[in-house]
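In what follows, a structure is listed as structure tokens, so that the remarks can point back to it.
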Amino acid sequence: MSAFDDRPPRAGVVLTGVFSLGVVLTTGFGAIVALVGGLALVAATHTRRRVLAGVGAVCQLLGLLAAGTAGAGPVPILAGMVLSIAAWDTHLYTIDLARTLGRATPTRRLLAVHLSITVLVATLLGATGYVIYSSIGNGYPIGTVLSLFCGAVVLLWLSRG
């Protein structure tokens, strides 16, 4: 009988990297910070370190905030937030699957279903953020940045379950 292998499945680590790369592509000015955050999040998924994942998520958030203050539009920022939530949730769910089922169990379908729901909910929340942005108007860039930042914090909090 072989020992239980609780390493994260490769599909989860790769998906965390894909979503993190999406965040980097949407940040523009804050791409370097978001890239550091993405690398930290992928490393945290591979090594099962939640503190490193928190650092990575905060770096991605700071990259999005830097892009927002540099004048990026609301659509790339909100798309980056959706991808950031997907990366964070992929990290958490991959680690939970590995701890519960082990690496030998096929988990791609479980990941696909869970992440489809996560991306759908995050997209709906991003659309709500866009409605809020549209209702503020173009005359208040500081209010826009603050509302996007508060929305980002709420989205990350909701993604933690």
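Just so we're on the same page: first chain in the structure tokens is A, next is B, and so on; residues restart at 1 for each chain, and ligands are numbered from 1 in the order they show up.
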
For the contact check between range 6-49 of chain A and range 59-68 of chain A, emit one row per residue of range 6-49 of chain A within 12 Å, containing the shortest atom pair and the distance in Å rounded to one decimal, counting only C-alpha atoms, chain then rising number order, as a Markdown table.
```
| residue | atom | partner | partner_atom | distance |
| --- | --- | --- | --- | --- |
| A:Phe19 | CA | A:Gln60 | CA | 11.1 |
| A:Ser20 | CA | A:Gln60 | CA | 8.1 |
| A:Leu21 | CA | A:Gln60 | CA | 10.3 |
| A:Gly22 | CA | A:Gln60 | CA | 10.7 |
| A:Val23 | CA | A:Gln60 | CA | 7.2 |
| A:Val24 | CA | A:Gln60 | CA | 7.9 |
| A:Leu25 | CA | A:Leu64 | CA | 10.4 |
| A:Thr26 | CA | A:Leu64 | CA | 8.0 |
| A:Thr27 | CA | A:Ala67 | CA | 5.3 |
| A:Gly28 | CA | A:Ala67 | CA | 6.1 |
| A:Phe29 | CA | A:Ala67 | CA | 5.0 |
| A:Gly30 | CA | A:Gly63 | CA | 4.1 |
| A:Ala31 | CA | A:Gly63 | CA | 6.1 |
| A:Ile32 | CA | A:Gly63 | CA | 7.4 |
| A:Val33 | CA | A:Gly63 | CA | 5.1 |
| A:Ala34 | CA | A:Gln60 | CA | 4.2 |
| A:Leu35 | CA | A:Gln60 | CA | 7.4 |
| A:Val36 | CA | A:Cys59 | CA | 6.8 |
| A:Gly37 | CA | A:Cys59 | CA | 4.5 |
| A:Gly38 | CA | A:Gln60 | CA | 6.8 |
| A:Leu39 | CA | A:Gln60 | CA | 10.0 |
| A:Ala40 | CA | A:Cys59 | CA | 8.8 |
| A:Leu41 | CA | A:Gln60 | CA | 9.3 |
```

Which residues are near range 119-130 of chain A? Cut-off 7 Å, only C-alpha atoms, ignore same chain within fewer than 6 positions. Put them as a PDB file with C-alpha atoms, in the first residue's frame.
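The result, stored in out.pdb:
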```pdb
ATOM      1  CA  PRO A  74     -12.758  50.287 -15.271  1.00  0.00           C
ATOM      2  CA  LEU A  78     -12.636  44.822 -12.979  1.00  0.00           C
ATOM      3  CA  VAL A  82     -12.317  38.728 -11.521  1.00  0.00           C
ATOM      4  CA  ALA A  86     -10.263  33.145  -9.675  1.00  0.00           C
ATOM      5  CA  GLY A 151     -15.050  46.461  -4.145  1.00  0.00           C
TER       6      GLY A 151
END
```

Between CA of Ser84 in chain A and CA of Ala70 in chain A, measure the distance and give it in Å to one decimal.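 CA of Ala70 in chain A lies 19.0 Å from CA of Ser84 in chain A.
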
From the set A:Ser135, A:Thr47, A:Thr105, A:Thr94, which residue has the shortest atom-to-atom contact distance to Ala11 in chain A, counting only C-alpha atoms?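 Under the stated criterion, the closest residue is A:Thr94.
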
Test item, alpha helix (DSSP H) assignment across range 25-77 of chain A, answer as JSON, numbers by chain: {"A": [25, 26, 27, 31, 32, 33, 34, 35, 36, 37, 38, 39, 40, 41, 42, 43, 44, 45, 46, 47, 50, 51, 52, 53, 54, 55, 56, 57, 58, 59, 60, 61, 62, 63, 64, 65, 66, 67, 68, 69, 74, 75, 76, 77]}

Distance of CA of Ala98 in chain A from CA of Pro8 in chain A, expressed in Å to one decimal place: 4.9 Å

To one decimal place, how far is CA of Thr16 in chain A from CA of Tyr133 in chain A in Å?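 About the pair CA of Thr16 in chain A and CA of Tyr133 in chain A: they are 28.0 Å apart.
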